[in-house]
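Undergrad: Just passing along the structure, written as structure tokens.
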Amino acid sequence: MGRINDGVVIVGASAAGFSAADGLREGGYTGPLTVLDEEAEPGYDRPMLSKSLLAAKEHAVPAPLRTEEHLAARGIDLLAGHAAVGLDIDRRLVVTNWGEAIGWRHVVVATGVTARPMVTAGGTALPTLRTRADLAAARRLATSGRPVTLIGGGFIGLEVAAALRSRGVEVTLLCATALPLAGALGAEVAGWLHGLHLANGVRFELGAATASVEETARGYDVRLADGRVHRATSVLAGIGAEPATGWLIGSGVELDHGVVTDAAGRTNVEGVWAAGDIAARRDPLHGCHRRFEHWTHAVEQGRRVGLNIARGEATAYDAVPYVWTEQYGLTLHLLGERRPGDTDIVVEGSVSTGDFVVVHGAGDELHGATVCGRVRALRTYRKLVRAGASLNDALGAAASA
């Protein structure tokens, strides 16, 4: 089966993919516009899976990213259940799992990431939380009456721990570092967050990575790198994500821990763009290509790519990195990025009360800020980070707040 299309094909009904479609229409593009969605259900709000949806005792469903009315009004053709399996850059075709070959003038890669797999010694894949199906499985764990062991102390692991504890589930969290998220938050805020989880009944095994997981008659034996063995009844893994680039291998599009792009979202192949979690941009500071797996980044970068295609521009996307996490009714906002060796300064409020602004930097350079409870401060510190302000500037802003 073939489908003639000399317009724009967006691969991935993700936050970045739909934002690129909206950006195209906003920028004045009036040609054919197709979005491929590998899942049968319409593209949905993934961050809420580990936040409000898992905590909800009723079977709430993920909210669709775009309504049918929105898509129809903008002339966006959504093909549900259609996954891209190959890209032909010479004949300019996207090949799908339906056997279709869809022509394109521009293609936007917005396939995002998949949960990094963890398997037992016997080859059984452990549950993760990335899709609607994963949410259903996690809900079954939450209602099983059995304790749950979480492997991974990142944002997903901590959010799942908080959600399960809100439902009365006994939770143990295994984390490779001495404190969860210490690299991203600094020792003081990470210590406060750890204490918040302890106060809500989460048990921790800290300071050693998971070496292997073995299935037993009782459940699982989780062996840590330092020799400890944690016996678990149920396990859920949250050890990060991998870019969904398998369908692009051999296509000619440059890959390096994602799809390599410039600041405008262009790849090394004319007409091929990428946005969102899958886009890897050169980071001179770290000397490598880096991806940003965060919702706001995906939305804003996707829109910029759409506008660039529609307007024939190559405008860079240079917004301040931003991520937020909800745990036990509190919301942490992270602006910019805390770097290794940064000093952490409490400039407003008190960390111990969960109402604070902490800035991160080195020398007199401001690199980022962590905010909890003081939402009005977000605009101020976002502007400071964007402007390349100094730590003294941040201290001055706090003094005048």
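Chain labels A, B, ... are given in the sequence in which chains occur in the structure tokens; within each chain residues are numbered consecutively from 1, and ligands are likewise numbered from 1 in the order shown.
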Fewer than 3 positions away in the same chain doesn't count, so skip those; otherwise give me all residues within 8 Å of A:Val358, counting only C-alpha atoms, as a list of chain:residue names.
TA: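 Counting only C-alpha atoms, the residues come to A:Asp344, A:Ile345, A:Val346, A:Val347, A:Glu348, A:Ala369, A:Thr370, A:Val371.
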Undergrad: Emit the selected residues as an mmCIF file, in the first residue's frame, including all heavy atoms.
TA:
data_model
loop_
_atom_site.group_PDB
_atom_site.id
_atom_site.type_symbol
_atom_site.label_atom_id
_atom_site.label_comp_id
_atom_site.auth_asym_id
_atom_site.auth_seq_id
_atom_site.Cartn_x
_atom_site.Cartn_y
_atom_site.Cartn_z
ATOM 1 N N ASP A 344 25.788 25.440 46.194
ATOM 2 C CA ASP A 344 24.334 25.584 46.322
ATOM 3 C C ASP A 344 24.051 26.593 47.434
ATOM 4 O O ASP A 344 24.485 26.406 48.570
ATOM 5 C CB ASP A 344 23.690 24.236 46.650
ATOM 6 C CG ASP A 344 24.166 23.136 45.711
ATOM 7 O OD1 ASP A 344 23.991 23.289 44.497
ATOM 8 O OD2 ASP A 344 24.720 22.128 46.214
ATOM 9 N N ILE A 345 23.309 27.652 47.091
ATOM 10 C CA ILE A 345 23.052 28.736 48.044
ATOM 11 C C ILE A 345 21.557 28.920 48.204
ATOM 12 O O ILE A 345 20.834 29.137 47.220
ATOM 13 C CB ILE A 345 23.686 30.063 47.579
ATOM 14 C CG1 ILE A 345 25.188 29.889 47.316
ATOM 15 C CG2 ILE A 345 23.444 31.160 48.609
ATOM 16 C CD1 ILE A 345 25.826 31.089 46.660
ATOM 17 N N VAL A 346 21.085 28.834 49.442
ATOM 18 C CA VAL A 346 19.678 29.109 49.732
ATOM 19 C C VAL A 346 19.501 30.626 49.747
ATOM 20 O O VAL A 346 20.030 31.309 50.618
ATOM 21 C CB VAL A 346 19.246 28.516 51.079
ATOM 22 C CG1 VAL A 346 17.757 28.774 51.327
ATOM 23 C CG2 VAL A 346 19.528 27.019 51.129
ATOM 24 N N VAL A 347 18.764 31.156 48.768
ATOM 25 C CA VAL A 347 18.613 32.605 48.664
ATOM 26 C C VAL A 347 17.243 33.086 49.135
ATOM 27 O O VAL A 347 17.056 34.280 49.403
ATOM 28 C CB VAL A 347 18.884 33.101 47.231
ATOM 29 C CG1 VAL A 347 20.342 32.857 46.850
ATOM 30 C CG2 VAL A 347 17.940 32.432 46.231
ATOM 31 N N GLU A 348 16.288 32.182 49.201
ATOM 32 C CA GLU A 348 14.968 32.536 49.714
ATOM 33 C C GLU A 348 14.413 31.367 50.517
ATOM 34 O O GLU A 348 14.586 30.200 50.134
ATOM 35 C CB GLU A 348 13.987 32.859 48.575
ATOM 36 C CG GLU A 348 14.316 34.096 47.768
ATOM 37 C CD GLU A 348 13.217 34.437 46.776
ATOM 38 O OE1 GLU A 348 12.032 34.166 47.082
ATOM 39 O OE2 GLU A 348 13.543 34.964 45.695
ATOM 40 N N ALA A 369 18.685 27.050 39.192
ATOM 41 C CA ALA A 369 17.970 27.299 40.443
ATOM 42 C C ALA A 369 16.955 26.186 40.663
ATOM 43 O O ALA A 369 16.384 25.646 39.709
ATOM 44 C CB ALA A 369 17.268 28.654 40.412
ATOM 45 N N THR A 370 16.738 25.848 41.930
ATOM 46 C CA THR A 370 15.703 24.898 42.323
ATOM 47 C C THR A 370 14.710 25.639 43.209
ATOM 48 O O THR A 370 15.106 26.283 44.176
ATOM 49 C CB THR A 370 16.297 23.694 43.072
ATOM 50 O OG1 THR A 370 17.251 23.045 42.238
ATOM 51 C CG2 THR A 370 15.211 22.703 43.467
ATOM 52 N N VAL A 371 13.444 25.528 42.850
ATOM 53 C CA VAL A 371 12.397 26.308 43.528
ATOM 54 C C VAL A 371 11.319 25.356 44.036
ATOM 55 O O VAL A 371 10.874 24.464 43.315
ATOM 56 C CB VAL A 371 11.765 27.337 42.559
ATOM 57 C CG1 VAL A 371 10.651 28.116 43.252
ATOM 58 C CG2 VAL A 371 12.835 28.277 42.009
#
Undergrad: Give me the residues of stretch 89-179 of chain A that have any atom at most 12 Å from an atom of stretch 321-342 of chain A; for each, the nearest atom pair and the distance in Å, rounded to one decimal. Use only C-alpha atoms, sort by chain and number, and format it as a tab-separated table.
TA:
residue	atom	partner	partner_atom	distance
A:Gly154	CA	A:Thr325	CA	10.6
A:Phe155	CA	A:Thr325	CA	7.0
A:Ile156	CA	A:Thr325	CA	8.9
A:Gly157	CA	A:Gln327	CA	10.9
A:Leu158	CA	A:Gln327	CA	7.6
A:Glu159	CA	A:Gln327	CA	5.9
A:Val160	CA	A:Gln327	CA	8.9
A:Ala161	CA	A:Gln327	CA	8.7
A:Ala162	CA	A:Gln327	CA	5.7
A:Ala163	CA	A:Gln327	CA	7.6
A:Leu164	CA	A:Tyr328	CA	10.5
A:Arg165	CA	A:Tyr328	CA	9.0
A:Ser166	CA	A:Tyr328	CA	7.7
A:Arg167	CA	A:Tyr328	CA	11.5
Undergrad: Please, which residues of stretch 134-318 of chain A, numbered as in this document, come out strand (DSSP E or B) from DSSP, as a ChimeraX atom specification?
TA: /A:148-151,171-175,203-206,210-215,220-224,229-232,234-237,241-243,255,259-261,266,272-274,279-283,288-290
Undergrad: If you run DSSP on the backbone here, which positions in stretch 179-245 of chain A get alpha helix (DSSP H)? Please write them as a PyMOL selection string.
TA: chain A and resi 182-185+187-199
Undergrad: Atoms to include: N, CA, C and O atoms. Write the selected residues as a PDB file, in the first residue's frame.
TA:
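Just written: result_22.pdb:
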ATOM      1  N   ALA A 182      21.013  13.771  44.019  1.00  0.00           N
ATOM      2  CA  ALA A 182      21.978  14.715  44.595  1.00  0.00           C
ATOM      3  C   ALA A 182      22.703  15.503  43.514  1.00  0.00           C
ATOM      4  O   ALA A 182      23.006  16.690  43.687  1.00  0.00           O
ATOM      5  N   GLY A 183      22.989  14.872  42.374  1.00  0.00           N
ATOM      6  CA  GLY A 183      23.681  15.585  41.305  1.00  0.00           C
ATOM      7  C   GLY A 183      22.859  16.697  40.713  1.00  0.00           C
ATOM      8  O   GLY A 183      23.390  17.751  40.348  1.00  0.00           O
ATOM      9  N   ALA A 184      21.552  16.506  40.626  1.00  0.00           N
ATOM     10  CA  ALA A 184      20.674  17.508  40.028  1.00  0.00           C
ATOM     11  C   ALA A 184      20.255  18.588  41.005  1.00  0.00           C
ATOM     12  O   ALA A 184      20.008  19.732  40.606  1.00  0.00           O
ATOM     13  N   LEU A 185      20.178  18.242  42.289  1.00  0.00           N
ATOM     14  CA  LEU A 185      19.613  19.167  43.279  1.00  0.00           C
ATOM     15  C   LEU A 185      20.631  19.725  44.258  1.00  0.00           C
ATOM     16  O   LEU A 185      20.388  20.779  44.863  1.00  0.00           O
ATOM     17  N   ALA A 187      23.327  18.544  47.669  1.00  0.00           N
ATOM     18  CA  ALA A 187      23.175  17.689  48.850  1.00  0.00           C
ATOM     19  C   ALA A 187      22.055  18.147  49.775  1.00  0.00           C
ATOM     20  O   ALA A 187      21.313  17.320  50.320  1.00  0.00           O
ATOM     21  N   GLU A 188      21.905  19.454  49.974  1.00  0.00           N
ATOM     22  CA  GLU A 188      20.921  19.920  50.946  1.00  0.00           C
ATOM     23  C   GLU A 188      19.495  19.631  50.480  1.00  0.00           C
ATOM     24  O   GLU A 188      18.678  19.087  51.240  1.00  0.00           O
ATOM     25  N   VAL A 189      19.175  19.974  49.235  1.00  0.00           N
ATOM     26  CA  VAL A 189      17.819  19.735  48.744  1.00  0.00           C
ATOM     27  C   VAL A 189      17.573  18.232  48.587  1.00  0.00           C
ATOM     28  O   VAL A 189      16.494  17.723  48.922  1.00  0.00           O
ATOM     29  N   ALA A 190      18.584  17.501  48.101  1.00  0.00           N
ATOM     30  CA  ALA A 190      18.426  16.048  47.958  1.00  0.00           C
ATOM     31  C   ALA A 190      18.212  15.395  49.324  1.00  0.00           C
ATOM     32  O   ALA A 190      17.405  14.462  49.457  1.00  0.00           O
ATOM     33  N   GLY A 191      18.914  15.881  50.340  1.00  0.00           N
ATOM     34  CA  GLY A 191      18.728  15.355  51.685  1.00  0.00           C
ATOM     35  C   GLY A 191      17.333  15.634  52.214  1.00  0.00           C
ATOM     36  O   GLY A 191      16.718  14.780  52.872  1.00  0.00           O
ATOM     37  N   TRP A 192      16.828  16.822  51.937  1.00  0.00           N
ATOM     38  CA  TRP A 192      15.459  17.162  52.345  1.00  0.00           C
ATOM     39  C   TRP A 192      14.444  16.261  51.640  1.00  0.00           C
ATOM     40  O   TRP A 192      13.505  15.754  52.261  1.00  0.00           O
ATOM     41  N   LEU A 193      14.642  16.023  50.332  1.00  0.00           N
ATOM     42  CA  LEU A 193      13.717  15.192  49.576  1.00  0.00           C
ATOM     43  C   LEU A 193      13.763  13.743  50.078  1.00  0.00           C
ATOM     44  O   LEU A 193      12.729  13.078  50.211  1.00  0.00           O
ATOM     45  N   HIS A 194      14.961  13.264  50.373  1.00  0.00           N
ATOM     46  CA  HIS A 194      15.112  11.925  50.942  1.00  0.00           C
ATOM     47  C   HIS A 194      14.359  11.829  52.266  1.00  0.00           C
ATOM     48  O   HIS A 194      13.615  10.860  52.517  1.00  0.00           O
ATOM     49  N   GLY A 195      14.518  12.851  53.104  1.00  0.00           N
ATOM     50  CA  GLY A 195      13.811  12.871  54.384  1.00  0.00           C
ATOM     51  C   GLY A 195      12.303  12.898  54.219  1.00  0.00           C
ATOM     52  O   GLY A 195      11.566  12.300  55.014  1.00  0.00           O
ATOM     53  N   LEU A 196      11.831  13.597  53.189  1.00  0.00           N
ATOM     54  CA  LEU A 196      10.395  13.657  52.915  1.00  0.00           C
ATOM     55  C   LEU A 196       9.860  12.258  52.597  1.00  0.00           C
ATOM     56  O   LEU A 196       8.788  11.867  53.084  1.00  0.00           O
ATOM     57  N   HIS A 197      10.611  11.512  51.819  1.00  0.00           N
ATOM     58  CA  HIS A 197      10.194  10.145  51.497  1.00  0.00           C
ATOM     59  C   HIS A 197      10.256   9.251  52.738  1.00  0.00           C
ATOM     60  O   HIS A 197       9.356   8.426  52.958  1.00  0.00           O
ATOM     61  N   LEU A 198      11.306   9.404  53.538  1.00  0.00           N
ATOM     62  CA  LEU A 198      11.393   8.613  54.765  1.00  0.00           C
ATOM     63  C   LEU A 198      10.203   8.897  55.679  1.00  0.00           C
ATOM     64  O   LEU A 198       9.611   7.979  56.259  1.00  0.00           O
ATOM     65  N   ALA A 199       9.853  10.171  55.800  1.00  0.00           N
ATOM     66  CA  ALA A 199       8.730  10.553  56.660  1.00  0.00           C
ATOM     67  C   ALA A 199       7.420   9.974  56.164  1.00  0.00           C
ATOM     68  O   ALA A 199       6.476   9.791  56.957  1.00  0.00           O
TER      69      ALA A 199
END
Undergrad: Quick one: distance from atom CA of A:Pro64 to atom CA of A:Ile249 in Å, one decimal?
TA: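 Taking atom CA of A:Pro64 as the start and atom CA of A:Ile249 as the end point, the length is 30.0 Å.
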Undergrad: Take atom CA of A:Gly7 and atom CA of A:Val85 and report the distance between them in Å, one decimal.
TA: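 Distance between the two atoms: 19.1 Å.
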Undergrad: With a distance cut-off of 7 Å and only C-alpha atoms, select the neighbouring residues of A:Thr120, excluding the residue or stretch itself and same-chain residues fewer than 5 positions from it, and output the selection as a VMD selection string.
TA: chain A and resid 125 212 to 215
